[in-house]
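Below: the structure, in structure tokens.
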Amino acid sequence: GMYRLSAFYIARMLSDLPMDLSLPTLFFIIVYWMGGLRENAAAFFAMYGTVILSVLVAQGIGLLLGAAVMNPKTAQTAASVTLLVIVLTGGFFVTDIASWIGWLRYLSFVYYALGLMLYIEFDGGDRQIYSCVDPMSETCALTNPENPETDPNCSPVEDIQTALGLSQDPSSSGDAIRDGMVLLAFFIALRLGIYVVLRYKTQGL
């Protein structure tokens with residue numbers, strides 16, 4: 001009763017933010033350049049914002065389960081099962097999902113984060129993706145030559161979604177906007193859900 005729950009909750013979120021974001025930021029700075037992603041500032045910061053928003057959504061799921069379930073072992077089990085379902089139905093690790101369970105992808109924040117990242121990486125008129133074949137083995141080349149536009153073993157990819165077997169169209173700006181808005185809605189809804197649960201748990205204290 002010394003202070004309001006809302007004040008404590010907001011102060012705790014803001015004070016933990018630097019620590020929560022330090023490791024994802026360090027990881028992203030290293031992996032982005034190792035992965036050979038687009039080398040321009042707009043793509044870098046857009047991808048970074050998507051990663052940070054995804055981290056905060058994942059954190060929100062864990063905090064909500066931790067606030068709702070008081071038994072640590074039960075909460076840990078529930079978190080493991082929930083995040084396993086979210087990751088496996090998101091379309092990154094598994095793409096061929098049965099139709100009767102495929103609707104779960106729309107409840108997975110990974111699905112929307114992946115769609116947004118694909119748009120950031122592959123969309124844009126300043127970049128043409130090429131598919132190159134190794135002339136020795138006649139299989140897909142592991143690395144593209146320096147000038148794929150003039151190499152006879154390379155051909156431009158017209159449909160990225162079909163070529164990579166993606167569940168979303170990485171060239172659709174409408175899908176990208178939707179993915180970003182859904183991720184933001186997940187973040188807000190989870191934070192409000194945590195507050196409601198804590199409010200209910202602390203009634204009468």
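A note on labels: chains of the structure tokens are A, B, ... as shown, every chain counts residues from 1, and ligands are counted from 1 in their shown order.
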Would you give me, as a Markdown table, each residue of stretch 112-189 of chain A having an atom within 8 Å of an atom of stretch 35-52 of chain A, along with its shortest atom pair and that distance in Å to one decimal, using only C-alpha atoms and sorting by chain and residue number?
| residue | atom | partner | partner_atom | distance |
| --- | --- | --- | --- | --- |
| A:Ala113 | CA | A:Thr50 | CA | 6.5 |
| A:Leu116 | CA | A:Thr50 | CA | 7.4 |
| A:Met117 | CA | A:Met47 | CA | 6.2 |
| A:Ile120 | CA | A:Ala43 | CA | 6.0 |
| A:Glu121 | CA | A:Arg38 | CA | 6.3 |
| A:Gly180 | CA | A:Thr50 | CA | 7.9 |
Contacts of stretch 64-67 of chain A within 7 Å, only C-alpha atoms, excl. fewer than 4 positions in-chain, as number ranges by chain: A: 60, 75, 79, 190, 193-194, 197-198
I need the residues from that last selection saved to file as a JSON list (two decimals), in the first residue's frame (with C-alpha atoms), if you can.
[["chain", "number", "residue", "atom", "x", "y", "z"],
["A", 60, "GLY", "CA", 5.78, -10.20, -22.28],
["A", 75, "ALA", "CA", 4.85, -21.73, -14.96],
["A", 79, "ALA", "CA", 6.12, -21.30, -20.83],
["A", 190, "LEU", "CA", 0.60, -8.46, -23.22],
["A", 193, "GLY", "CA", -2.59, -8.30, -19.54],
["A", 194, "ILE", "CA", 0.31, -8.41, -17.09],
["A", 197, "VAL", "CA", -3.23, -10.06, -13.66],
["A", 198, "LEU", "CA", -1.03, -8.28, -11.10]]
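Closest to A:Leu183 among A:Thr150, A:Gln76, A:Asn71, A:Ser54 is A:Ser54, based on only C-alpha atoms.
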DSSP-assigned alpha helix (DSSP H) members of stretch 10-121 of chain A, reported as a ChimeraX atom specification: /A:10-34,41-68,72-88,109-121
Atomic separation - atom CA of A:Gln59 relative to atom CA of A:Asp20, Å: 9.0 Å
Please list as a short mmCIF file (atom, residue, chain, number, x, y, z; two decimals) with N, CA, C and O atoms, in the first residue's frame every residue within 10 Å of A:Gln128, counting only C-alpha atoms and excluding residues in the same chain fewer than 5 positions away.
data_model
loop_
_atom_site.label_atom_id
_atom_site.label_comp_id
_atom_site.auth_asym_id
_atom_site.auth_seq_id
_atom_site.Cartn_x
_atom_site.Cartn_y
_atom_site.Cartn_z
N PHE A 122 14.26 -8.39 -48.58
CA PHE A 122 14.13 -8.71 -50.00
C PHE A 122 13.41 -7.65 -50.82
O PHE A 122 13.51 -7.65 -52.04
N ASP A 123 12.67 -6.77 -50.20
CA ASP A 123 11.92 -5.80 -50.98
C ASP A 123 12.79 -4.61 -51.36
O ASP A 123 13.81 -4.35 -50.74
N PRO A 148 26.48 -11.01 -60.83
CA PRO A 148 25.52 -12.03 -61.27
C PRO A 148 24.69 -11.60 -62.47
O PRO A 148 24.20 -12.45 -63.22
N GLU A 149 24.54 -10.28 -62.67
CA GLU A 149 23.72 -9.81 -63.78
C GLU A 149 24.33 -10.13 -65.14
O GLU A 149 23.63 -10.19 -66.15
N PRO A 156 17.73 -13.88 -62.92
CA PRO A 156 17.00 -13.10 -61.91
C PRO A 156 15.80 -13.86 -61.37
O PRO A 156 15.12 -14.58 -62.09
N VAL A 157 15.56 -13.69 -60.07
CA VAL A 157 14.41 -14.32 -59.42
C VAL A 157 13.25 -13.33 -59.45
O VAL A 157 13.32 -12.25 -58.87
N GLU A 158 12.19 -13.72 -60.12
CA GLU A 158 11.03 -12.83 -60.26
C GLU A 158 10.05 -12.97 -59.10
O GLU A 158 9.40 -12.01 -58.73
#
Test item, strand (DSSP E or B) assignment across stretch 1-188 of chain A, answer as a PyMOL selection string: chain A and resi 130-134+139-140+154-156
Restrict the selected residues to C-alpha atoms and save them as a CSV table (one decimal), in the first residue's frame.
chain,number,residue,atom,x,y,z
A,130,TYR,CA,19.7,-13.8,-58.6
A,131,SER,CA,19.6,-17.6,-58.6
A,132,CYS,CA,23.0,-18.9,-59.6
A,133,VAL,CA,24.0,-22.5,-60.5
A,134,ASP,CA,27.4,-24.0,-60.0
A,139,THR,CA,23.4,-27.4,-58.4
A,140,CYS,CA,22.6,-24.2,-56.6
A,154,CYS,CA,22.7,-16.7,-63.0
A,155,SER,CA,19.1,-15.7,-63.6
A,156,PRO,CA,17.0,-13.1,-61.9
Test item: residues at most 12 Å from A:Phe93, only C-alpha atoms, excluding those fewer than 3 positions along its chain, as a list in words: Leu84, Val85, Ile86, Val87, Leu88, Thr89, Gly90, Asp96, Ile97, Val110, Tyr111, Leu114 and Leu166 of chain A
Contacts of A:Tyr119 within 7 Å, only C-alpha atoms, excl. fewer than 6 positions in-chain, as a PDB file with C-alpha atoms, in the first residue's frame:
ATOM      1  CA  PRO A 170       8.091 -10.401 -48.988  1.00  0.00           C
ATOM      2  CA  SER A 171       7.317  -7.791 -51.653  1.00  0.00           C
ATOM      3  CA  ALA A 176       4.587  -5.715 -43.866  1.00  0.00           C
TER       4      ALA A 176
END
